[in-house]
Structure formats: C-alpha cells, structure tokens
Protein chains: 2
Amino acid sequence: MSDSFLSTVSVTPPKKRSNGIASREKILDAAAKIASERGYEGTSISLVSKQSGFPASSIYWHFENKDDLISAVIERSFSSWLESITNMGKEDDDRSIEDMVVHQAANFSNAIQVAPDFLRLGLMLALEHRPEDPTARKMFLKVRSRSFRGAVKNYKKWLPELDKRALEELASFTVALADGFFISQQVADDTLDLMGREDLHSAAILGVIDMLRQKAKSA
Amino acid sequence: MSDSFLSTVSVTPPKKRSNGIASREKILDAAAKIASERGYEGTSISLVSKQSGFPASSIYWHFENKDDLISAVIERSFSSWLESITNMGKEDDDRSIEDMVVHQAANFSNAIQVAPDFLRLGLMLALEHRPEDPTARKMFLKVRSRSFRGAVKNYKKWLPELDKRALEELASFTVALADGFFISQQVADDTLDLMGREDLHSAAILGVIDMLRQKAKSA
DNA sequence: TCCATGCTGGAATGATCGCTACAATAAAGT
DNA sequence: ACTTTATTGTAGCGATCATTCCAGCATGGA
C-alpha cells in the first residue's frame with residue numbers, strides 16, 4: 001500500500017496484516033453457530049473462544065463486549081439473508097399476482113435454506129423480553145420492520161386497489177406466515193416440514209388477498 | 001401407605017401441611033415469569049429464589065434440578081392452555097366448515113390471551129437446539145405433536161374427501177399459522193398485531209383447504 | 001535498526017452459576 | 001410427651017461467567 005499521495009484517507013482499506021479481518025470472521029462464524037444453537041445467554045465467551053480457537057482477549061479486541069458481538073452476528077447474517085431474498089422484485093412486472101406470490105414463496109424458502117441462522121437467532125431474541133433489552137434484539141427488530149415495509153411497497157405495486165391499512169395487514173400476514181413456516185422446519189417434530197411447500201404458502205396468501213379485495217370492493 | 005385398605009392409591013390427596021403445595025405453586029409462578037422473559041439459560045435459580053421469596057434449598061427440595069423445574073413450568077402452563085383451547089370441537093357438528101374454521105381461529109386467539117407463557121417459553125425452547133436436549137424442550141414438543149394429531153382428527157371429520165397426507169399438511173399449516181400469529185403479537189414492532197384477526201386467520205386456512213380440495217378432485 | 005501498530009497468549013479479576021450439606025423449625029402422628 | 005416428617009434458612013462448594021491486564025509476538029514504515 002505504500003500509499004501514493006492520495007491514499008492517506010484510507011481509500012485503500014486497512015488490509016495491513018490480513019490476519020485480523022480473517023480472525024474476526026472466524027470469531028463471528030463461531031459465535032453465529034453457538035448463538036443460533038443456544039440463544040443469547042447460552043452464548044458464553046469461553047464457548048466462542050473454544051469453537052473459534054482464539055483466546056477471550058482476541059474476542060474482546062475485536063468486539064466491545066458480548067452484546068456487541070451478538071449484534072455483529074445479527075448484522076452479518078442479515079446481509080447474507082438479504083442477498084438471497086432481494087432478487088425478488090426485479091423485472092417481473094408483467095407477471096400475474098399469482099405468479100408473483102408463488103415466486104415470492106419460493107424465494108423465501110430458498111433464503112431459509114441458505115441462511116437459517118439469521119431468522120433462528122433473531123426469533124429467539126425477539127421472543128425474549130428481559131427488562132434490559134439487548135441491542136442485538138433491537139437490531140433484529142429494526143431489520144425486520146424494514147422487510148415489512150419492503151413487503152408493503154411490493155404489494156402496493158400489484159394491488160393498487162387496496163388501501164394502506166389493507167396492504168399493511170397483508171404484509172404483516174406474509175411475515176407471520178414466513179415465521180410459522182420457518183418454525184415448522186426448525187422443530188421438525190411430528191408436524192410436517194412445510195418449508196418448500198410453495199403451494200400451501202401461496203394458497204394461503206392468495207386466500208387472504210381475495211378476502212381483502214372483496215372487502216375493498218364492498219366498501 | 002399402611003393406612004386403611006382403600007386409600008393406598010392416594011384417593012385422598014396428601015394435604016398434610018398445606019404449606020408445601022402453596023410454596024411449590026409460588027415457585028412455579030416465579031419460574032414461569034422469568035423463564036418466559038429470559039429463556040432457559042436466563043432462568044437462574046437465584047433469580048427464581050429472589051422473585052418467589054424462597055431460598056434455593058426450598059427450590060431444590062421441590063424440584064430435582066433446574067431442568068426439572070422448567071419442565072414443570074411447561075407442564076403446568078400447558079394445562080391452562082389446554083383448558084382454554086379444547087372446548088373447540090364439541091357439539092358443533094352441524095356447522096359449515098367455514099364456521100368451524102372461524103370458530104377455531106377465535107378460540108386460538110383467546111387461548112393466547114389467557115395463557116401466553118406456554119407458547120412463548122415453548123417456542124423459545126423449540127428454537128434452541130443445543131447438543132444436550134433439555135427435557136423441558138422434549139416435553140414441549142411432545143405436547144405440541146399431540147395438538148397436531150388432534151387437529152388432524154378434527155379436520156378429518158369435516159373434510160372426509162381429503163387423504164391422510166393432505167390432512168396432515170393442513171394440520172401442519174394450521175399450527176404454523178398459529179405460531180406466526182403469536183409471534184406477530186409478541187414482537188410488536190412495526191408489523192401489526194395479527195392476534196384477534198380471525199378474518200385473516202380463517203381466510204388463509206380456507207384458501208389452503210380450497211387448494212387441497214381441488215387437488216384431491218383432480219387426482 | 002528501531003519503533004509503532006495490530007493482534008494473540010495466558011493469567012487473573014470478582015460475580016454469579018447450579019447445586020449440596022446440614023442445622024433449625026414447626027406441625028402431625030403416636 | 002416423643003418421634004417423625006415436611007419444609008425453610010445459612011453457608012458454602014467448585015465451576016463458569018463476562019471482562020481486564022499485560023506481556024509477547026509479528027509485521028510495516030521510518
């Protein structure tokens with residue numbers, strides 16, 4: 001990086017001794033695995049240390065504290081989640097709403113297969129409400145409500161006849177359904193694994209859309 | 001058990017010194033509150049002790065260990081849950097399936113209002129999968145799969161034209177939808193609280209039923 | 001060569017964890 | 001009255017918790 005005169009402002013990223021960034025990733029990998037298995041309290045620094053191979057002090061060099069570490073896990077896993085889910089609304093403007101809903105369902109179940117950690121850990125955090133709310137939980141909720149607003153916007157394009165309230169109901173319903181399908185995959189007890197059942201997924205959403213449309217017409 | 005020849009099977013309940021049973025209940029109350037706020041690892045004996053007013057030794061007198069305590073919490077909250085949900089399938093044989101589904105949705109949202117701890121704690125446990133599976137989690141899954149089989153049986157009465165596989169899909173879907181609605185109530189972020197929206201709830205289920213029926217007809 | 005920087009190693013902090021041992025108390029059965 | 005049984009209280013066990021301190025590296029720039 002022997003920086004020529006214009007690199008002082010770190011246009012070139014640090015990249016000093018490449019070791020640091022790599023270990024940060026490894027620590028995040030370990031923390032993601034453990035946190036999504038055992039939840040917030042169950043993720044101890046010593047477990048993360050053992051799993052990642054780095055001593056506790058390294059973890060504290062890269063992250064302020066446990067809360068910060070788990071927030072970083074959420075943040076990173078959200079990126080890969082977002083990556084696999086956001087090729088949803090592109091250049092399919094000529095499709096019917098039915099096709100779009102089916103496509104959306106397939107897309108979601110694919111995202112779950114690729115990056116389950118995000119939703120799993122996020123839902124675990126969301127279900128807790130201890131008096132002092134960890135920032136990791138707040139971060140998940142923020143990210144989640146962003147997805148919600150995205151869904152509202154997307155539905156608006158296809159269903160201009162619905163009012164704001166109805167669109168929000170539909171988007172909330174979509175999110176709830178996704179959560180439910182995810183849980184059915186995660187627990188895997190007697191109840192079948194619904195993930196990948198785009199027919200059920202979209203039949204439900206289309207049923208709700210029909211209902212909202214009729215309500216809108218009769219108003 | 002020496003006592004009179006017919007009491008050996010504990011027809012007469014213990015009732016010795018009433019204190020014990022009462023404190024057991026108080027301990028369970030405290031544990032239920034804390035566990036549903038903070039999850040399995042977050043429920044420490046000293047917190048339960050502080051909340052209930054009993055010393056740790058009393059807790060360990062009533063329960064074998066932490067795992068046993070939390071299992072007991074699940075067991076007890078499941079009773080009140082079951083109580084409020086099982087008046088579902090009685091003497092409504094002459095109703096249409098639409099009415100039955102709406103009724104079922106209303107019943108569920110009522111059960112949540114009355115006893116949210118059961119599902120909340122249960123889902124938190126279900127989402128974790130630490131290597132050593134606590135018995136509390138196993139208990140929740142057992143209880144849950146019982147509900148699933150109940151739903152299959154109930155649907156069979158109304159939808160004799162569906163085969164076993166389709167009925168199970170429908171029941172799984174119903175459970176998943178209920179989970180999703182519950183979560184939407186618990187997180188209470190931007191997304192609306194769907195609990196109590198029997199119209200959305202039943203529109204979705206009816207949409208799925210329609211789809212399954214058509215599939216059955218065309219087969 | 002020397003120094004500054006980025007990062008790791010190991011040991012130690014006090015607090016809290018789940019759990020136990022055991023004496024104290026109070027009522028129940030005799 | 002005496003013994004038994006059910007429960008509570010006190011104190012403490014070793015283990016693990018989150019976090020910190022600081023000495024050791026290796027490397028890159030000077």
# chains A, B, ... in the order shown; residues from 1 in each chain; ligands from 1
call {"tool": "residues_around", "arguments": {"residues": "segment 181-197 of chain A", "least_positions_apart": "2", "cutoff": "8 Å", "atoms": "only C-alpha atoms (C1' of nucleotides)", "output": "PyMOL selection string"}}
result
(chain A and resi 106+109-110+112+177-179+199-201) or (chain B and resi 126-127+141+145+148+168-169+171-173+176-177+179-180)
call {"tool": "write_last_selection", "arguments": {"atoms": "C-alpha atoms", "output": "short mmCIF file (atom, residue, chain, number, x, y, z; two decimals), in the first residue's frame"}}
result
data_model
loop_
_atom_site.label_atom_id
_atom_site.label_comp_id
_atom_site.auth_asym_id
_atom_site.auth_seq_id
_atom_site.Cartn_x
_atom_site.Cartn_y
_atom_site.Cartn_z
CA ALA A 106 -40.16 -20.00 -3.38
CA SER A 109 -37.94 -20.90 1.34
CA ASN A 110 -34.70 -20.73 -0.57
CA ILE A 112 -34.14 -20.09 4.69
CA LEU A 177 -46.68 -16.90 7.67
CA ALA A 178 -42.99 -16.93 6.91
CA ASP A 179 -42.20 -17.14 10.61
CA ASP A 199 -48.26 -24.38 -2.98
CA LEU A 200 -49.51 -24.17 0.60
CA HIS A 201 -47.65 -20.96 1.22
CA ALA B 126 -38.05 -25.29 20.47
CA LEU B 127 -35.86 -22.89 18.53
CA LEU B 141 -42.51 -30.97 21.51
CA SER B 145 -47.35 -33.02 18.47
CA PHE B 148 -51.09 -31.65 15.83
CA GLU B 168 -51.53 -33.68 7.78
CA GLU B 169 -50.44 -30.88 5.53
CA ALA B 171 -52.86 -29.53 10.23
CA SER B 172 -49.20 -28.57 9.96
CA PHE B 173 -50.22 -25.46 8.18
CA ALA B 176 -47.57 -22.92 11.62
CA LEU B 177 -50.08 -20.16 11.08
CA ASP B 179 -47.18 -19.78 15.61
CA GLY B 180 -46.77 -16.94 13.15
#
call {"tool": "residues_around", "arguments": {"residues": "DT8 of chain C", "least_positions_apart": "3", "cutoff": "12 Å", "atoms": "only C-alpha atoms (C1' of nucleotides)", "output": "list in words"}}
result
Asn19, Gly20, Ser23, Gly53, Phe54, Pro55, Ala56, Ser57, Ser58, Ile59, Tyr60, Trp61 and His62 of chain A; DC22, DA23, DG24, DC25 and DA26 of chain D
call {"tool": "write_last_selection", "arguments": {"atoms": "C-alpha atoms (C1' of nucleotides)", "output": "compact mmCIF listing (two decimals), in the first residue's frame"}}
result
# COMPACT_ATOMS: atom_id res chain seq x y z
CA ASN A 19 -4.72 -11.73 9.82
CA GLY A 20 -7.07 -9.54 11.81
CA SER A 23 -9.91 -13.92 12.66
CA GLY A 53 -9.66 -21.23 18.56
CA PHE A 54 -8.98 -17.68 19.70
CA PRO A 55 -8.47 -16.66 23.31
CA ALA A 56 -11.02 -14.48 25.02
CA SER A 57 -8.78 -11.46 24.78
CA SER A 58 -8.86 -11.64 20.99
CA ILE A 59 -12.61 -11.63 21.06
CA TYR A 60 -12.54 -8.56 23.26
CA TRP A 61 -10.05 -6.93 20.99
CA HIS A 62 -12.43 -7.28 18.04
C1' DC D 22 -0.33 -7.05 30.40
C1' DA D 23 3.47 -9.29 28.37
C1' DG D 24 4.61 -11.23 23.96
C1' DC D 25 4.68 -11.51 19.19
C1' DA D 26 4.95 -10.41 14.14
call {"tool": "closest_atom_pairs", "arguments": {"of": "chain C", "to": "chain A", "cutoff": "10 Å", "atoms": "only C-alpha atoms (C1' of nucleotides)", "output": "Markdown table"}}
result
| residue | atom | partner | partner_atom | distance |
| --- | --- | --- | --- | --- |
| C:DT5 | C1' | A:Lys16 | CA | 9.6 |
| C:DG6 | C1' | A:Gly20 | CA | 7.6 |
| C:DC7 | C1' | A:Gly20 | CA | 6.8 |
| C:DT8 | C1' | A:Ser58 | CA | 6.5 |
| C:DG9 | C1' | A:Pro55 | CA | 7.2 |
| C:DG10 | C1' | A:Pro55 | CA | 8.8 |
call {"tool": "residues_around", "arguments": {"residues": "DA4 of chain C", "least_positions_apart": "5", "cutoff": "12 Å", "atoms": "only C-alpha atoms (C1' of nucleotides)", "output": "VMD selection string"}}
result
chain D and resid 27 to 30
call {"tool": "interface_residues", "arguments": {"of": "chain D", "to": "chain B", "cutoff": "8 Å", "atoms": "only C-alpha atoms (C1' of nucleotides)", "output": "ChimeraX atom specification"}}
result
/D:6-9
call {"tool": "residues_around", "arguments": {"residues": "Phe78 of chain A", "least_positions_apart": "3", "cutoff": "8 Å", "atoms": "only C-alpha atoms (C1' of nucleotides)", "output": "ChimeraX atom specification"}}
result
/A:74-75,81-82,118,143
call {"tool": "calpha_fit_rmsd", "arguments": {"fixed": "chain A", "moving": "chain B"}}
result
1.5 Å
call {"tool": "closest_residue", "arguments": {"among": "B:Leu159, B:Leu47, B:Leu69, B:Leu123", "to": "chain A", "atoms": "only C-alpha atoms"}}
result
B:Leu123
call {"tool": "closest_residue", "arguments": {"among": "A:Ser80, A:Ser52, A:Ser147, A:Thr135", "to": "chain B", "atoms": "only C-alpha atoms"}}
result
A:Ser147
call {"tool": "residues_around", "arguments": {"residues": "Gly42 of chain B", "least_positions_apart": "5", "cutoff": "10 Å", "atoms": "only C-alpha atoms (C1' of nucleotides)", "output": "ChimeraX atom specification"}}
result
/A:39-42,128,130 /B:34-37,47
call {"tool": "write_last_selection", "arguments": {"atoms": "N, CA and C atoms", "output": "mmCIF file, in the first residue's frame"}}
result
data_model
loop_
_atom_site.group_PDB
_atom_site.id
_atom_site.type_symbol
_atom_site.label_atom_id
_atom_site.label_comp_id
_atom_site.auth_asym_id
_atom_site.auth_seq_id
_atom_site.Cartn_x
_atom_site.Cartn_y
_atom_site.Cartn_z
ATOM 1 N N GLY A 39 -28.982 -19.564 21.973
ATOM 2 C CA GLY A 39 -29.595 -18.298 22.378
ATOM 3 C C GLY A 39 -28.616 -17.332 23.002
ATOM 4 N N TYR A 40 -29.146 -16.237 23.480
ATOM 5 C CA TYR A 40 -28.308 -15.138 23.947
ATOM 6 C C TYR A 40 -27.495 -15.508 25.184
ATOM 7 N N GLU A 41 -28.170 -15.894 26.232
ATOM 8 C CA GLU A 41 -27.470 -16.217 27.478
ATOM 9 C C GLU A 41 -26.594 -17.442 27.315
ATOM 10 N N GLY A 42 -27.022 -18.351 26.445
ATOM 11 C CA GLY A 42 -26.280 -19.580 26.267
ATOM 12 C C GLY A 42 -24.973 -19.408 25.509
ATOM 13 N N GLU A 128 -37.740 -13.308 23.587
ATOM 14 C CA GLU A 128 -37.383 -12.885 24.950
ATOM 15 C C GLU A 128 -37.835 -11.458 25.162
ATOM 16 N N ARG A 130 -36.549 -9.597 28.240
ATOM 17 C CA ARG A 130 -35.980 -9.284 29.549
ATOM 18 C C ARG A 130 -36.027 -7.777 29.756
ATOM 19 N N ILE B 34 -40.063 -15.666 34.903
ATOM 20 C CA ILE B 34 -38.678 -15.424 34.491
ATOM 21 C C ILE B 34 -38.316 -16.199 33.234
ATOM 22 N N ALA B 35 -38.738 -17.462 33.176
ATOM 23 C CA ALA B 35 -38.376 -18.271 32.016
ATOM 24 C C ALA B 35 -38.998 -17.713 30.743
ATOM 25 N N SER B 36 -40.205 -17.192 30.850
ATOM 26 C CA SER B 36 -40.826 -16.700 29.623
ATOM 27 C C SER B 36 -40.275 -15.329 29.257
ATOM 28 N N GLU B 37 -39.569 -14.689 30.171
ATOM 29 C CA GLU B 37 -38.898 -13.439 29.834
ATOM 30 C C GLU B 37 -37.502 -13.673 29.277
ATOM 31 N N LEU B 47 -32.416 -16.002 40.649
ATOM 32 C CA LEU B 47 -33.487 -15.114 40.220
ATOM 33 C C LEU B 47 -34.841 -15.652 40.668
#
call {"tool": "select_by_dssp", "arguments": {"residues": "segment 31-211 of chain B", "states": "alpha helix (DSSP H)", "output": "NGL selection string"}}
result
:B and (31-42 or 45-52 or 56-62 or 66-85 or 97-114 or 116-127 or 135-158 or 164-187 or 198-211)
call {"tool": "write_last_selection", "arguments": {"atoms": "C-alpha atoms", "output": "short mmCIF file (atom, residue, chain, number, x, y, z; two decimals), in the first residue's frame"}}
result
data_model
loop_
_atom_site.label_atom_id
_atom_site.label_comp_id
_atom_site.auth_asym_id
_atom_site.auth_seq_id
_atom_site.Cartn_x
_atom_site.Cartn_y
_atom_site.Cartn_z
CA ALA B 31 -40.08 -19.56 37.37
CA ALA B 32 -42.76 -19.20 34.71
CA LYS B 33 -42.44 -15.45 34.69
CA ILE B 34 -38.68 -15.42 34.49
CA ALA B 35 -38.38 -18.27 32.02
CA SER B 36 -40.83 -16.70 29.62
CA GLU B 37 -38.90 -13.44 29.83
CA ARG B 38 -35.37 -14.78 29.56
CA GLY B 39 -35.40 -18.30 28.21
CA TYR B 40 -33.78 -21.42 29.54
CA GLU B 41 -30.26 -20.27 30.35
CA GLY B 42 -31.50 -16.91 31.52
CA ILE B 45 -32.10 -20.32 40.47
CA SER B 46 -31.11 -17.19 42.33
CA LEU B 47 -33.49 -15.11 40.22
CA VAL B 48 -36.30 -17.54 40.87
CA SER B 49 -35.40 -17.50 44.53
CA LYS B 50 -35.46 -13.73 44.70
CA GLN B 51 -38.73 -13.50 42.77
CA SER B 52 -40.50 -16.17 44.79
CA ALA B 56 -32.53 -22.00 46.81
CA SER B 57 -32.73 -25.01 49.08
CA SER B 58 -36.51 -24.87 49.01
CA ILE B 59 -36.49 -24.87 45.25
CA TYR B 60 -34.25 -27.91 45.28
CA TRP B 61 -36.48 -29.59 47.78
CA HIS B 62 -39.47 -29.26 45.46
CA LYS B 66 -33.23 -26.68 37.04
CA ASP B 67 -34.28 -28.83 34.15
CA ASP B 68 -36.98 -30.46 36.22
CA LEU B 69 -38.21 -27.06 37.38
CA ILE B 70 -38.61 -25.71 33.88
CA SER B 71 -40.25 -28.90 32.70
CA ALA B 72 -42.76 -28.47 35.49
CA VAL B 73 -43.42 -24.94 34.32
CA ILE B 74 -44.14 -26.18 30.81
CA GLU B 75 -46.34 -28.93 32.13
CA ARG B 76 -48.41 -26.63 34.28
CA SER B 77 -48.83 -23.87 31.74
CA PHE B 78 -49.83 -26.46 29.21
CA SER B 79 -52.74 -27.44 31.42
CA SER B 80 -54.22 -23.97 31.45
CA TRP B 81 -53.51 -23.69 27.76
CA LEU B 82 -55.29 -26.93 27.02
CA GLU B 83 -58.20 -25.91 29.17
CA SER B 84 -58.85 -22.81 27.14
CA ILE B 85 -58.31 -24.40 23.75
CA ILE B 97 -66.53 -25.83 7.62
CA GLU B 98 -66.24 -22.08 7.21
CA ASP B 99 -67.88 -21.50 10.57
CA MET B 100 -65.75 -24.13 12.15
CA VAL B 101 -62.53 -22.58 10.91
CA VAL B 102 -63.54 -19.12 12.08
CA HIS B 103 -64.50 -20.55 15.43
CA GLN B 104 -61.21 -22.33 15.72
CA ALA B 105 -59.29 -19.17 14.92
CA ALA B 106 -61.18 -17.22 17.56
CA ASN B 107 -60.59 -19.96 20.05
CA PHE B 108 -56.90 -19.93 19.45
CA SER B 109 -56.51 -16.21 19.84
CA ASN B 110 -58.45 -16.42 23.07
CA ALA B 111 -56.18 -19.14 24.39
CA ILE B 112 -53.19 -16.93 23.67
CA GLN B 113 -54.65 -14.06 25.59
CA VAL B 114 -55.28 -16.28 28.60
CA PRO B 116 -49.28 -16.77 26.55
CA ASP B 117 -46.49 -18.19 28.68
CA PHE B 118 -46.88 -21.67 27.38
CA LEU B 119 -46.32 -20.87 23.73
CA ARG B 120 -43.73 -18.22 24.39
CA LEU B 121 -41.47 -20.36 26.52
CA GLY B 122 -42.19 -23.38 24.39
CA LEU B 123 -41.17 -21.70 21.17
CA MET B 124 -38.03 -20.33 22.74
CA LEU B 125 -37.07 -23.83 23.82
CA ALA B 126 -38.05 -25.29 20.47
CA LEU B 127 -35.86 -22.89 18.53
CA THR B 135 -36.28 -32.46 28.92
CA ALA B 136 -38.28 -29.25 29.01
CA ARG B 137 -37.86 -28.95 25.27
CA LYS B 138 -38.80 -32.56 24.70
CA MET B 139 -41.88 -32.06 26.79
CA PHE B 140 -42.99 -29.09 24.75
CA LEU B 141 -42.51 -30.97 21.51
CA LYS B 142 -44.48 -33.92 22.81
CA VAL B 143 -47.33 -31.69 23.84
CA ARG B 144 -47.19 -29.91 20.53
CA SER B 145 -47.35 -33.02 18.47
CA ARG B 146 -50.36 -34.07 20.45
CA SER B 147 -52.10 -30.87 19.37
CA PHE B 148 -51.09 -31.65 15.83
CA ARG B 149 -52.69 -35.06 15.91
CA GLY B 150 -55.80 -33.52 17.44
CA ALA B 151 -56.02 -31.09 14.55
CA VAL B 152 -55.68 -33.90 12.01
CA LYS B 153 -58.50 -35.78 13.65
CA ASN B 154 -60.69 -32.72 13.78
CA TYR B 155 -60.19 -31.85 10.13
CA LYS B 156 -60.89 -35.40 9.12
CA LYS B 157 -64.43 -35.05 10.41
CA TRP B 158 -65.09 -32.05 8.22
CA LYS B 164 -54.20 -38.64 5.16
CA ARG B 165 -51.32 -36.79 3.62
CA ALA B 166 -53.44 -33.76 2.76
CA LEU B 167 -54.97 -33.69 6.23
CA GLU B 168 -51.53 -33.68 7.78
CA GLU B 169 -50.44 -30.88 5.53
CA LEU B 170 -53.47 -28.90 6.54
CA ALA B 171 -52.86 -29.53 10.23
CA SER B 172 -49.20 -28.57 9.96
CA PHE B 173 -50.22 -25.46 8.18
CA THR B 174 -52.69 -24.60 10.91
CA VAL B 175 -50.06 -24.99 13.59
CA ALA B 176 -47.57 -22.92 11.62
CA LEU B 177 -50.08 -20.16 11.08
CA ALA B 178 -50.87 -20.08 14.78
CA ASP B 179 -47.18 -19.78 15.61
CA GLY B 180 -46.77 -16.94 13.15
CA PHE B 181 -49.72 -15.03 14.52
CA PHE B 182 -48.44 -15.50 18.02
CA ILE B 183 -45.02 -14.16 17.13
CA SER B 184 -46.54 -11.15 15.44
CA GLN B 185 -48.20 -10.36 18.73
CA GLN B 186 -45.08 -10.93 20.79
CA VAL B 187 -42.64 -8.82 18.87
CA GLU B 198 -59.94 -14.10 12.78
CA ASP B 199 -60.83 -12.87 9.31
CA LEU B 200 -57.23 -13.07 8.10
CA HIS B 201 -56.58 -16.24 10.01
CA SER B 202 -59.52 -18.11 8.55
CA ALA B 203 -59.20 -16.67 5.05
CA ALA B 204 -55.76 -18.22 4.90
CA ILE B 205 -56.86 -21.61 6.12
CA LEU B 206 -59.85 -21.65 3.81
CA GLY B 207 -57.58 -20.74 0.93
CA VAL B 208 -55.42 -23.75 1.68
CA ILE B 209 -58.44 -26.01 2.10
CA ASP B 210 -59.73 -24.96 -1.30
CA MET B 211 -56.43 -25.74 -2.87
#
